[in-house]
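For reference, protein-v2.cif (mmCIF, C-alpha atoms and all ligand atoms):
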```cif
data_input
loop_
_atom_site.label_atom_id
_atom_site.label_comp_id
_atom_site.auth_asym_id
_atom_site.auth_seq_id
_atom_site.Cartn_x
_atom_site.Cartn_y
_atom_site.Cartn_z
CA MET S 1 71.26 -21.87 1.55
CA ASN S 2 71.35 -18.92 3.95
CA ALA S 3 68.18 -17.11 5.01
CA ILE S 4 68.35 -14.56 2.20
CA GLU S 5 69.04 -17.11 -0.49
CA GLU S 6 66.16 -19.18 0.82
CA SER S 7 63.74 -16.28 0.69
CA VAL S 8 64.51 -15.40 -2.94
CA ALA S 9 64.75 -18.99 -4.22
CA PRO S 10 61.60 -19.98 -6.12
CA MET S 11 59.04 -21.21 -3.61
CA ALA S 12 57.94 -24.77 -4.32
CA THR S 13 54.65 -24.40 -2.46
CA PHE S 14 53.04 -21.31 -1.00
CA ASP S 15 53.81 -21.34 2.71
CA VAL S 16 52.38 -18.30 4.45
CA GLU S 17 54.03 -19.07 7.80
CA ARG S 18 57.45 -19.20 6.17
CA ILE S 19 56.71 -15.95 4.37
CA ARG S 20 55.65 -14.26 7.60
CA ARG S 21 59.03 -15.06 9.15
CA ASP S 22 60.60 -12.86 6.47
CA PHE S 23 58.62 -9.86 7.78
CA PRO S 24 59.77 -9.21 11.38
CA VAL S 25 57.25 -6.42 11.94
CA LEU S 26 54.45 -8.99 11.64
CA GLN S 27 55.71 -10.54 14.87
CA GLU S 28 55.29 -7.21 16.72
CA ARG S 29 52.58 -6.69 19.29
CA VAL S 30 50.58 -3.48 19.28
CA ARG S 31 48.34 -2.37 22.14
CA GLY S 32 49.15 -5.66 23.83
CA LYS S 33 47.77 -7.67 20.89
CA GLU S 34 49.32 -9.46 17.95
CA LEU S 35 49.58 -7.03 15.07
CA ILE S 36 47.15 -7.72 12.25
CA TYR S 37 48.29 -5.49 9.45
CA LEU S 38 45.53 -4.78 6.94
CA ASP S 39 46.64 -1.40 5.61
CA ASN S 40 48.65 -2.72 2.69
CA ALA S 41 47.07 -0.42 0.13
CA ALA S 42 48.58 2.51 2.06
CA THR S 43 51.97 0.89 2.32
CA THR S 44 53.29 -2.65 2.58
CA GLN S 45 55.69 -4.19 5.09
CA LYS S 46 59.23 -4.99 4.01
CA PRO S 47 60.87 -8.42 3.92
CA LEU S 48 64.30 -8.93 5.47
CA THR S 49 65.89 -9.21 2.02
CA VAL S 50 64.93 -5.60 1.33
CA ALA S 51 66.34 -4.45 4.68
CA TYR S 52 69.54 -6.45 4.01
CA ALA S 53 69.87 -4.98 0.52
CA LEU S 54 69.74 -1.46 2.00
CA GLN S 55 72.15 -2.43 4.76
CA HIS S 56 74.56 -3.95 2.27
CA TYR S 57 74.45 -0.90 0.04
CA TYR S 58 75.00 1.57 2.87
CA THR S 59 77.66 -0.48 4.65
CA SER S 60 79.65 -1.82 1.68
CA GLU S 61 78.85 -0.01 -1.53
CA ASN S 62 77.72 3.53 -0.78
CA ALA S 63 78.90 5.98 -3.43
CA ASN S 64 77.34 8.39 -5.85
CA ILE S 65 76.56 6.89 -9.23
CA HIS S 66 77.32 7.56 -12.89
CA ARG S 67 80.02 10.13 -12.21
CA GLY S 68 82.80 8.31 -10.41
CA VAL S 69 85.77 6.46 -11.85
CA HIS S 70 86.48 4.77 -8.52
CA LEU S 71 85.41 1.23 -7.78
CA LEU S 72 82.68 1.94 -5.24
CA SER S 73 80.99 4.36 -7.62
CA GLN S 74 81.17 1.77 -10.36
CA GLN S 75 79.66 -0.86 -8.07
CA ALA S 76 76.85 1.45 -6.96
CA THR S 77 76.19 2.39 -10.59
CA PHE S 78 76.09 -1.27 -11.53
CA SER S 79 73.59 -2.06 -8.76
CA TYR S 80 71.40 0.93 -9.61
CA GLU S 81 71.32 0.08 -13.32
CA ARG S 82 70.82 -3.58 -12.53
CA ALA S 83 67.76 -2.53 -10.51
CA ARG S 84 66.45 -0.69 -13.58
CA GLY S 85 66.85 -3.90 -15.55
CA ARG S 86 64.97 -5.86 -12.87
CA VAL S 87 62.05 -3.46 -13.01
CA GLY S 88 62.07 -3.63 -16.80
CA GLN S 89 61.86 -7.42 -16.71
CA PHE S 90 59.19 -7.31 -14.02
CA LEU S 91 56.93 -5.17 -16.22
CA ASN S 92 58.10 -6.85 -19.44
CA ALA S 93 59.26 -3.53 -20.85
CA ALA S 94 61.07 -3.69 -24.19
CA GLU S 95 64.29 -2.38 -22.62
CA PRO S 96 65.62 -1.01 -19.31
CA GLY S 97 65.78 2.46 -20.87
CA GLU S 98 61.99 2.60 -20.67
CA ILE S 99 62.17 2.62 -16.87
CA VAL S 100 62.55 5.97 -15.11
CA PHE S 101 63.21 6.00 -11.37
CA LEU S 102 61.21 8.66 -9.57
CA ARG S 103 59.84 9.20 -6.05
CA GLY S 104 56.62 7.31 -6.60
CA ALA S 105 53.40 7.00 -8.57
CA THR S 106 52.46 10.61 -7.79
CA GLU S 107 55.66 12.04 -9.17
CA ALA S 108 55.42 9.77 -12.22
CA VAL S 109 51.90 10.98 -13.12
CA ASN S 110 53.05 14.57 -12.67
CA LEU S 111 56.03 13.99 -14.95
CA VAL S 112 53.78 12.68 -17.72
CA ALA S 113 51.30 15.53 -17.21
CA HIS S 114 54.19 18.01 -17.53
CA GLY S 115 56.33 16.30 -20.13
CA TYR S 116 53.73 14.76 -22.41
CA GLY S 117 50.59 16.64 -21.40
CA ARG S 118 51.90 20.16 -21.81
CA GLN S 119 53.13 19.34 -25.31
CA HIS S 120 50.06 17.54 -26.60
CA VAL S 121 47.02 18.94 -24.84
CA GLY S 122 45.61 22.25 -26.07
CA PRO S 123 42.39 24.29 -25.96
CA GLY S 124 39.33 22.14 -26.67
CA ASP S 125 41.20 18.88 -26.12
CA GLU S 126 40.12 16.30 -23.59
CA VAL S 127 41.70 14.07 -20.95
CA ILE S 128 39.76 11.12 -19.56
CA VAL S 129 40.08 9.71 -16.05
CA SER S 130 37.67 7.43 -14.19
CA GLN S 131 35.36 8.05 -11.25
CA MET S 132 37.47 5.76 -9.06
CA GLU S 133 40.86 7.47 -9.42
CA HIS S 134 43.19 8.34 -6.57
CA HIS S 135 43.75 12.10 -6.25
CA SER S 136 47.25 11.52 -7.63
CA ASN S 137 45.70 10.52 -10.93
CA ILE S 138 43.14 13.32 -10.96
CA VAL S 139 44.72 16.54 -9.78
CA PRO S 140 47.70 16.65 -12.22
CA TRP S 141 45.22 16.25 -15.10
CA GLN S 142 42.82 18.80 -13.66
CA VAL S 143 45.63 21.35 -13.38
CA LEU S 144 46.81 20.54 -16.92
CA CYS S 145 43.30 20.96 -18.35
CA GLU S 146 42.75 24.25 -16.50
CA GLU S 147 46.06 25.60 -17.77
CA LYS S 148 45.44 24.55 -21.37
CA GLY S 149 41.71 25.24 -21.70
CA ALA S 150 41.06 21.52 -22.08
CA THR S 151 38.28 19.45 -20.50
CA LEU S 152 38.61 16.62 -18.00
CA ARG S 153 36.07 13.88 -18.70
CA VAL S 154 35.15 11.20 -16.19
CA ALA S 155 34.42 7.60 -17.15
CA PRO S 156 31.50 6.50 -14.97
CA ILE S 157 31.12 3.40 -12.80
CA ASN S 158 28.15 1.31 -11.66
CA ASP S 159 27.10 0.74 -8.03
CA ALA S 160 29.38 -2.29 -7.76
CA GLY S 161 32.29 0.00 -8.57
CA GLU S 162 32.91 -1.37 -12.07
CA LEU S 163 33.90 0.93 -14.86
CA LEU S 164 31.23 1.21 -17.55
CA LEU S 165 33.14 0.26 -20.66
CA GLU S 166 30.55 1.36 -23.23
CA GLU S 167 30.16 4.75 -21.58
CA TYR S 168 33.94 5.08 -21.52
CA GLU S 169 34.09 4.25 -25.22
CA GLY S 170 31.39 6.86 -25.83
CA LEU S 171 33.56 9.54 -24.21
CA LEU S 172 36.48 8.87 -26.55
CA SER S 173 36.85 11.08 -29.61
CA GLU S 174 39.50 12.77 -31.74
CA ARG S 175 39.62 15.41 -28.99
CA THR S 176 40.87 12.85 -26.44
CA LYS S 177 44.62 13.19 -26.01
CA ILE S 178 45.24 11.22 -22.83
CA VAL S 179 43.41 8.53 -20.87
CA ALA S 180 44.65 7.99 -17.31
CA VAL S 181 43.09 5.15 -15.40
CA THR S 182 43.95 3.00 -12.44
CA HIS S 183 44.82 -0.66 -12.88
CA ALA S 184 43.16 -1.43 -9.55
CA SER S 185 41.28 0.92 -7.25
CA ASN S 186 42.85 1.55 -3.85
CA ALA S 187 39.45 2.29 -2.32
CA LEU S 188 37.33 -0.46 -3.92
CA GLY S 189 39.73 -3.09 -5.18
CA THR S 190 38.14 -3.02 -8.64
CA VAL S 191 40.45 -4.22 -11.41
CA ASN S 192 39.90 -2.32 -14.63
CA PRO S 193 40.08 -3.89 -18.11
CA VAL S 194 43.09 -1.75 -18.96
CA GLN S 195 44.07 -3.76 -22.02
CA GLU S 196 40.69 -3.24 -23.69
CA MET S 197 40.60 0.37 -22.57
CA THR S 198 44.03 0.98 -24.06
CA ALA S 199 43.01 -0.49 -27.42
CA MET S 200 39.93 1.76 -27.43
CA ALA S 201 41.99 4.86 -26.57
CA HIS S 202 44.51 4.07 -29.29
CA LYS S 203 41.77 3.93 -31.94
CA PHE S 204 41.34 7.64 -31.35
CA GLY S 205 45.05 8.39 -31.17
CA ALA S 206 45.02 9.02 -27.41
CA VAL S 207 47.82 7.75 -25.18
CA MET S 208 47.08 5.57 -22.17
CA LEU S 209 48.59 5.97 -18.72
CA VAL S 210 47.86 3.17 -16.27
CA ASP S 211 48.24 3.89 -12.57
CA GLY S 212 49.66 0.61 -11.34
CA ALA S 213 50.15 1.57 -7.68
CA GLN S 214 47.64 -1.13 -6.69
CA GLY S 215 48.32 -3.35 -9.69
CA VAL S 216 51.90 -4.58 -9.25
CA PRO S 217 51.53 -5.71 -5.62
CA HIS S 218 48.69 -8.07 -6.52
CA MET S 219 49.06 -9.45 -10.04
CA SER S 220 51.54 -10.06 -12.80
CA VAL S 221 51.79 -7.07 -15.09
CA ASP S 222 52.91 -7.08 -18.69
CA VAL S 223 52.99 -3.57 -20.09
CA ARG S 224 53.43 -4.81 -23.65
CA GLU S 225 50.41 -7.07 -23.37
CA ILE S 226 48.37 -4.20 -21.92
CA GLY S 227 49.71 -2.02 -24.70
CA CYS S 228 49.70 1.08 -22.49
CA ASP S 229 52.01 4.00 -23.23
CA PHE S 230 52.83 4.79 -19.60
CA TYR S 231 52.61 2.70 -16.43
CA VAL S 232 53.42 4.10 -12.99
CA PHE S 233 53.85 2.59 -9.54
CA SER S 234 55.34 3.19 -6.09
CA GLY S 235 57.96 0.91 -4.57
CA HIS S 236 56.61 1.17 -1.03
CA LYS S 237 53.36 -0.55 -2.03
CA LEU S 238 55.44 -3.39 -3.49
CA PHE S 239 57.36 -4.29 -0.29
CA ALA S 240 60.19 -1.86 -1.17
CA PRO S 241 61.34 1.38 0.53
CA THR S 242 59.45 4.66 0.39
CA GLY S 243 60.75 7.39 -1.88
CA ILE S 244 61.34 5.17 -4.90
CA GLY S 245 58.88 4.69 -7.73
CA VAL S 246 58.72 4.00 -11.41
CA LEU S 247 57.54 5.49 -14.63
CA TYR S 248 57.49 3.04 -17.52
CA GLY S 249 57.10 4.80 -20.87
CA LYS S 250 57.40 3.64 -24.46
CA LYS S 251 60.82 4.71 -25.62
CA ASP S 252 59.69 6.94 -28.50
CA LEU S 253 57.26 8.80 -26.23
CA LEU S 254 59.86 9.31 -23.51
CA ASN S 255 62.41 10.42 -26.09
CA ALA S 256 60.02 13.09 -27.34
CA MET S 257 59.37 14.45 -23.85
CA PRO S 258 61.28 17.52 -22.64
CA PRO S 259 62.93 17.41 -19.22
CA TRP S 260 60.91 18.49 -16.25
CA GLU S 261 63.38 18.92 -13.42
CA THR S 262 66.80 20.10 -14.49
CA GLY S 263 70.25 20.02 -12.90
CA GLY S 264 73.06 17.53 -12.53
CA GLY S 265 72.89 14.05 -13.98
CA MET S 266 70.40 14.87 -16.73
CA ILE S 267 72.62 16.89 -19.05
CA GLN S 268 74.85 16.12 -22.00
CA ARG S 269 76.69 19.44 -22.07
CA VAL S 270 76.31 22.73 -20.23
CA SER S 271 77.80 25.95 -21.53
CA PHE S 272 77.12 29.60 -20.70
CA GLU S 273 77.61 30.46 -24.35
CA GLN S 274 75.79 27.60 -26.06
CA GLY S 275 73.24 26.66 -23.43
CA THR S 276 72.51 23.10 -22.30
CA THR S 277 71.83 19.87 -24.13
CA TYR S 278 70.16 17.00 -22.34
CA ALA S 279 71.00 13.38 -21.70
CA ASP S 280 69.05 10.60 -23.33
CA VAL S 281 66.18 8.97 -21.48
CA PRO S 282 65.85 7.71 -18.81
CA MET S 283 68.64 9.89 -17.31
CA ARG S 284 66.99 13.02 -18.73
CA PHE S 285 64.25 12.59 -16.13
CA GLU S 286 66.48 11.74 -13.18
CA ALA S 287 67.95 15.11 -12.26
CA GLY S 288 70.18 15.20 -9.19
CA THR S 289 71.33 12.27 -7.10
CA PRO S 290 68.57 9.67 -7.25
CA HIS S 291 67.39 7.34 -4.48
CA ILE S 292 70.13 4.80 -5.18
CA ALA S 293 69.43 2.65 -2.13
CA GLY S 294 65.71 2.78 -2.89
CA ALA S 295 66.22 1.42 -6.39
CA ILE S 296 68.40 -1.37 -5.02
CA GLY S 297 65.77 -2.12 -2.37
CA LEU S 298 63.08 -2.18 -5.05
CA ALA S 299 65.04 -4.76 -7.03
CA ALA S 300 65.31 -6.89 -3.87
CA ALA S 301 61.56 -6.60 -3.34
CA ILE S 302 60.91 -7.65 -6.93
CA ASP S 303 63.20 -10.65 -6.49
CA TYR S 304 61.22 -11.56 -3.40
CA VAL S 305 57.85 -11.25 -5.16
CA ASN S 306 59.15 -13.23 -8.14
CA ALA S 307 60.32 -16.02 -5.83
CA ILE S 308 56.74 -16.49 -4.65
CA GLY S 309 55.32 -15.74 -8.10
CA PRO S 310 52.85 -12.95 -8.95
CA ALA S 311 50.28 -15.49 -10.21
CA VAL S 312 50.53 -17.50 -6.95
CA ILE S 313 50.12 -14.28 -4.97
CA ALA S 314 47.04 -13.32 -6.98
CA GLU S 315 45.43 -16.72 -6.40
CA TYR S 316 46.16 -16.75 -2.67
CA GLU S 317 44.88 -13.22 -2.10
CA ASP S 318 41.77 -13.88 -4.15
CA GLU S 319 40.94 -16.84 -1.93
CA LEU S 320 41.43 -14.69 1.22
CA LEU S 321 39.31 -11.92 -0.26
CA ARG S 322 36.44 -14.29 -1.03
CA TYR S 323 36.69 -15.80 2.44
CA VAL S 324 36.49 -12.49 4.29
CA THR S 325 33.89 -10.99 1.94
CA GLU S 326 31.49 -13.90 2.49
CA GLN S 327 31.73 -13.46 6.24
CA LEU S 328 31.29 -9.70 6.15
CA GLU S 329 28.19 -10.04 3.99
CA ASP S 330 26.62 -11.79 6.97
CA VAL S 331 27.31 -8.99 9.45
CA GLU S 332 24.14 -7.03 10.02
CA GLY S 333 24.33 -3.27 9.43
CA ILE S 334 27.34 -3.43 7.11
CA THR S 335 27.34 -2.19 3.54
CA LEU S 336 30.23 -3.25 1.37
CA ILE S 337 31.48 -0.50 -0.93
CA GLY S 338 32.98 -2.01 -4.05
CA THR S 339 31.66 -5.40 -5.08
CA ALA S 340 33.13 -5.70 -8.56
CA LYS S 341 33.59 -9.15 -10.05
CA GLU S 342 37.27 -8.49 -10.73
CA LYS S 343 38.94 -7.30 -7.56
CA VAL S 344 42.26 -7.25 -5.77
CA GLY S 345 42.34 -7.75 -2.00
CA VAL S 346 40.55 -4.67 -0.77
CA VAL S 347 37.38 -4.68 1.34
CA SER S 348 35.77 -1.31 1.96
CA PHE S 349 32.63 -0.89 4.00
CA VAL S 350 30.44 1.43 6.02
CA MET S 351 28.36 0.50 9.05
CA ASP S 352 24.98 1.89 10.11
CA ASP S 353 25.27 4.38 12.99
CA ALA S 354 29.06 4.13 13.28
CA HIS S 355 31.59 6.55 11.83
CA PRO S 356 34.49 4.89 9.98
CA HIS S 357 37.01 6.63 12.24
CA ASP S 358 35.36 5.16 15.35
CA ILE S 359 35.41 1.73 13.75
CA GLY S 360 39.10 2.14 12.89
CA THR S 361 39.88 3.20 16.46
CA ILE S 362 38.06 0.25 18.01
CA LEU S 363 39.78 -2.18 15.64
CA ASP S 364 43.13 -0.57 16.49
CA ALA S 365 42.54 -1.42 20.14
CA GLU S 366 42.32 -5.06 18.98
CA GLY S 367 45.69 -4.75 17.21
CA ILE S 368 44.01 -4.58 13.79
CA ALA S 369 45.41 -1.90 11.48
CA VAL S 370 42.85 -0.79 8.90
CA ARG S 371 42.33 2.57 7.25
CA ALA S 372 39.35 4.83 7.75
CA GLY S 373 38.94 7.83 5.51
CA HIS S 374 38.34 8.97 1.96
CA HIS S 375 41.43 7.08 0.71
CA CYS S 376 42.46 10.08 -1.43
CA ALA S 377 39.45 9.35 -3.62
CA GLN S 378 36.95 12.04 -2.68
CA PRO S 379 35.08 11.98 -6.03
CA LEU S 380 34.51 8.26 -5.43
CA MET S 381 33.18 8.91 -1.92
CA GLN S 382 30.86 11.53 -3.43
CA PHE S 383 29.59 8.92 -5.91
CA TYR S 384 28.71 6.59 -3.03
CA ASN S 385 27.46 9.51 -0.96
CA VAL S 386 29.62 8.60 2.03
CA PRO S 387 32.25 10.78 3.74
CA ALA S 388 34.60 7.87 4.27
CA THR S 389 34.82 4.08 4.43
CA VAL S 390 36.71 1.56 6.50
CA ARG S 391 39.20 -0.29 4.32
CA ALA S 392 41.00 -3.54 5.00
CA SER S 393 43.60 -4.19 2.32
CA LEU S 394 45.43 -7.48 1.98
CA ALA S 395 48.88 -8.73 1.10
CA PHE S 396 50.20 -12.25 0.58
CA TYR S 397 51.41 -12.43 4.20
CA ASN S 398 47.90 -12.12 5.60
CA THR S 399 46.13 -15.24 6.81
CA ARG S 400 42.68 -16.75 7.20
CA ALA S 401 43.06 -16.42 10.98
CA GLU S 402 43.57 -12.68 10.52
CA MET S 403 40.42 -12.50 8.42
CA ASP S 404 38.54 -14.24 11.23
CA ALA S 405 39.97 -11.75 13.75
CA LEU S 406 38.87 -8.86 11.54
CA VAL S 407 35.32 -10.18 11.32
CA THR S 408 35.21 -10.80 15.08
CA GLY S 409 36.48 -7.24 15.64
CA ILE S 410 33.82 -5.82 13.35
CA ARG S 411 31.11 -7.81 15.12
CA LYS S 412 32.33 -6.28 18.40
CA VAL S 413 32.07 -2.80 16.90
CA ARG S 414 28.55 -3.64 15.77
CA GLU S 415 27.60 -4.54 19.33
CA VAL S 416 28.82 -1.12 20.53
CA PHE S 417 26.84 0.82 17.94
CA LYS S 418 23.68 -1.29 17.72
N1 LIG H 501 47.44 5.68 -7.12
C1 LIG H 501 46.86 4.78 -6.32
C2 LIG H 501 45.80 3.88 -6.87
C3 LIG H 501 47.25 4.70 -4.99
O1 LIG H 501 46.68 3.79 -4.18
C4 LIG H 501 48.24 5.58 -4.49
C5 LIG H 501 48.67 5.55 -3.05
N2 LIG H 501 47.64 5.36 -2.14
C6 LIG H 501 48.81 6.48 -5.38
C7 LIG H 501 48.39 6.50 -6.68
C8 LIG H 501 49.88 7.42 -4.94
O2 LIG H 501 51.01 6.74 -4.53
P1 LIG H 501 52.22 7.51 -3.82
O3 LIG H 501 51.62 8.27 -2.68
O4 LIG H 501 53.13 6.42 -3.37
O5 LIG H 501 52.84 8.40 -4.85
#
```

Reformat the file's structure so that it appears as structure tokens.
Ligand code: PMP
Amino acid sequence: MNAIEESVAPMATFDVERIRRDFPVLQERVRGKELIYLDNAATTQKPLTVAYALQHYYTSENANIHRGVHLLSQQATFSYERARGRVGQFLNAAEPGEIVFLRGATEAVNLVAHGYGRQHVGPGDEVIVSQMEHHSNIVPWQVLCEEKGATLRVAPINDAGELLLEEYEGLLSERTKIVAVTHASNALGTVNPVQEMTAMAHKFGAVMLVDGAQGVPHMSVDVREIGCDFYVFSGHKLFAPTGIGVLYGKKDLLNAMPPWETGGGMIQRVSFEQGTTYADVPMRFEAGTPHIAGAIGLAAAIDYVNAIGPAVIAEYEDELLRYVTEQLEDVEGITLIGTAKEKVGVVSFVMDDAHPHDIGTILDAEGIAVRAGHHCAQPLMQFYNVPATVRASLAFYNTRAEMDALVTGIRKVREVFK
């Protein structure tokens, strides 16, 4: 087996050191220290297989897709469509045609807000989001509601950062047309009971969009088991390139949606006299030349994740999360933000007398990359009455030793600000 074959062959036992060798950037030194990369919720690092997939495409297969009769175009088309199939299998979609390639989660939410929202939401109607949403899953709905004279309702959370299911159910009514909720919060780590929430939404005839940007990197996702109508995610948070993302939609809903962007690639026939007819989904939503290499890179990333196993990843990260959380609970002056029972690997906190940006800067000097800020979740920061938090977010290539280094770094910061 060569190195690539080895890294996508099913892993018999979870071996974090072997995995780390597949991510060259993790061997980099920053500020004279070993890099400890804990900003995975912002974007993940890429394994060699993804880099090789891009290299192979650009050096041996590069051509535009769908339109060429020549061999390279056929090969590129095959790889692009094969990638669609991979994503479909990964989410357990009913068919590859339910997978639309877009730029990322943000573009996917916007497409649904335009394509589905503008057809189905009218004056007096309601859209529900939760208090913990990323701006990407708030603003498109806010704009839609403003435009249509509809109301945006917010499902509340408790102090631990858990969605209040009964209160959410109480918000649902015949007026509710869309529920849009995150699978896992990027700022808190909270995992939402999206399957139950979907069933509740469906009772009232509302459709459910799940923002899976922080779902797919951490757990196995089955859109048919969840029952959701739309599921969105970004490739770059799943070890794949930036600029590629996915909208999963139930076929009948996608079929009923009008195009959003128009141009080449999404038409059936264009005529000055008779106007334009559109291609079937998913092509209808992929106007122009898509990110072919990105889709191929995403398929390589999915193969990599599947080789380790999403369930194995979830178990490993959960163990790391518990380990670091227990230690941080013991650091004086620290308040953890987001202590839900069901969490993915995100630890957010604030510290007495120290601004999150100062904490982030001091940790950076130790080679530890964390994020300090509002995490594009300002309504959530307002709920906790903090301007920002420090967030360490985990991936399967992180280690216990890195968790120890983080805690030591935070203790150092505490000494400075005591
Ligand atoms: N939703 C969540 C929960 C996220 O964490 C992010 C990215 N931080 C997004 C949506 C938006 O993703 P992108 O910027 O890749 O479109």

Q. What do you get as a PyMOL selection string if you pick all residues at most 6 Å from ligand LIG 501 (chain H), counting only C-alpha atoms and all ligand atoms?
A. chain S and resi 42+104-106+134+136+182+185-186+211+213-214+234

Residues of range 356-418 of chain S that have any atom at most 8 Å from an atom of range 328-339 of chain S: could you tabulate them with the shortest-distance atom pair and the distance in Å to one decimal, using only C-alpha atoms, ordered by chain and increasing number, as a Markdown table?
```
| residue | atom | partner | partner_atom | distance |
| --- | --- | --- | --- | --- |
| S:Tyr384 | CA | S:Ile337 | CA | 7.9 |
| S:Thr389 | CA | S:Ile337 | CA | 7.8 |
| S:Val407 | CA | S:Leu328 | CA | 6.6 |
| S:Arg411 | CA | S:Val331 | CA | 6.9 |
| S:Arg414 | CA | S:Gly333 | CA | 7.6 |
```

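The residue that comes closest to Cys145 in chain S, out of S:Asn158, S:Gly122, S:Arg31, S:His66 and on the basis of all atoms listed in the file, is S:Gly122.
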
Q.
Considering only C-alpha atoms, can you say which of S:Thr59, S:Thr289, S:Thr13, S:Gln382 comes closest to Tyr80 in chain S?
A. S:Thr289

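Omitting range 50-56 of chain S and its sequence neighbours fewer than 6 positions away, and counting all atoms listed in the file, the residues within 6 Å are Ala293, Gly297, Ala300 and Ala301 of chain S.
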
Put those residues in a file: C-alpha atoms, as a tab-separated table (two decimals), in the frame of the given file.
```
chain	number	residue	atom	x	y	z
S	293	ALA	CA	69.43	2.65	-2.13
S	297	GLY	CA	65.77	-2.12	-2.37
S	300	ALA	CA	65.31	-6.89	-3.87
S	301	ALA	CA	61.56	-6.60	-3.34
```

**Q.** Nearest residue to Glu315 in chain S from the set S:Ser220, S:Thr277, S:Gln89, S:Gln45 (distances using only C-alpha atoms)
**A.** S:Ser220

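CA of Ala94 in chain S is found 29.0 Å from CA of Glu126 in chain S.
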
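Straight-line separation from CA of Ala93 in chain S to CA of Val223 in chain S: 6.3 Å.
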
Q: For Asn110 in chain S, list every protein, DNA or RNA residue within 10 Å, evaluated using only C-alpha atoms, and leave out those in the same chain fewer than 2 positions away; present the list as number ranges by chain.
A: S: 105-108, 112-117, 136-137, 139-141, 144, 260

**Q.** For Glu133 in chain S: contacts at 12 Å, all atoms listed in the file, fewer than 3 positions along chain excluded, given as a VMD selection string
**A.** chain S and resid 128 to 130 136 to 141 154 to 157 161 163 179 to 192 210 to 214 374 to 381 383

Do a neighbour search on Met257 in chain S at 12 Å with all atoms listed in the file, toss out local chain neighbours closer than 2 positions, and write the hits as a CSV table (one decimal) with C-alpha atoms, in the coordinates of the input.
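Below you can see around.csv, which holds the result:
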```
chain,number,residue,atom,x,y,z
S,111,LEU,CA,56.0,14.0,-15.0
S,112,VAL,CA,53.8,12.7,-17.7
S,113,ALA,CA,51.3,15.5,-17.2
S,114,HIS,CA,54.2,18.0,-17.5
S,115,GLY,CA,56.3,16.3,-20.1
S,116,TYR,CA,53.7,14.8,-22.4
S,117,GLY,CA,50.6,16.6,-21.4
S,118,ARG,CA,51.9,20.2,-21.8
S,119,GLN,CA,53.1,19.3,-25.3
S,120,HIS,CA,50.1,17.5,-26.6
S,249,GLY,CA,57.1,4.8,-20.9
S,250,LYS,CA,57.4,3.6,-24.5
S,251,LYS,CA,60.8,4.7,-25.6
S,252,ASP,CA,59.7,6.9,-28.5
S,253,LEU,CA,57.3,8.8,-26.2
S,254,LEU,CA,59.9,9.3,-23.5
S,255,ASN,CA,62.4,10.4,-26.1
S,259,PRO,CA,62.9,17.4,-19.2
S,260,TRP,CA,60.9,18.5,-16.2
S,278,TYR,CA,70.2,17.0,-22.3
S,279,ALA,CA,71.0,13.4,-21.7
S,280,ASP,CA,69.0,10.6,-23.3
S,281,VAL,CA,66.2,9.0,-21.5
S,282,PRO,CA,65.8,7.7,-18.8
S,284,ARG,CA,67.0,13.0,-18.7
S,285,PHE,CA,64.2,12.6,-16.1
```

Q: Give as a ChimeraX atom specification each residue that has an atom at most 9 Å from (42.0, 5.3, -28.0) in the file, counting only C-alpha atoms.
A: /S:169,172-174,176-179,197-208

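Closest approach to Asn385 in chain S from the set S:Ile362, S:Leu91, S:Met403, S:Val350 is made by S:Val350, with distances taken over all atoms listed in the file.
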
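Ranking S:Lys46, S:His135, S:Arg18, S:Lys148 by their shortest atom-to-atom distance to Leu298 in chain S, with all atoms listed in the file included, puts S:Lys46 first.
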
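Computed from the coordinates, the CA of Val416 in chain S to CA of Arg371 in chain S distance equals 19.3 Å.
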
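Counting all atoms listed in the file, Thr276 in chain S has the following residues at most 12 Å away, ignoring those fewer than 5 positions along the same chain: S:Pro259, S:Thr262, S:Gly263, S:Gly264, S:Met266, S:Ile267, S:Gln268, S:Arg269, S:Val270, S:Ser271.
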
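Candidate residues S:Ala314, S:Met132, S:Ile302, S:Leu209 were compared for distance to Asp159 in chain S, and the nearest is S:Met132, using only C-alpha atoms.
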
Q: Just give me the residues with any atom within 10 Å of (54.0, -14.2, -7.8), file coordinates, counting all atoms listed in the file, written as number ranges by chain.
A: S: 10-11, 14, 216-220, 302-316, 396

Find the smallest box with edges along x, y and z containing every listed atom of range 177-188 of chain S, then add 4 Å on each side and report centre and edge lengths in Å to one decimal, as lines of an AutoDock Vina configuration file.
```
center_x = 41.3
center_y = 5.9
center_z = -14.2
size_x = 15.9
size_y = 22.6
size_z = 31.7
```
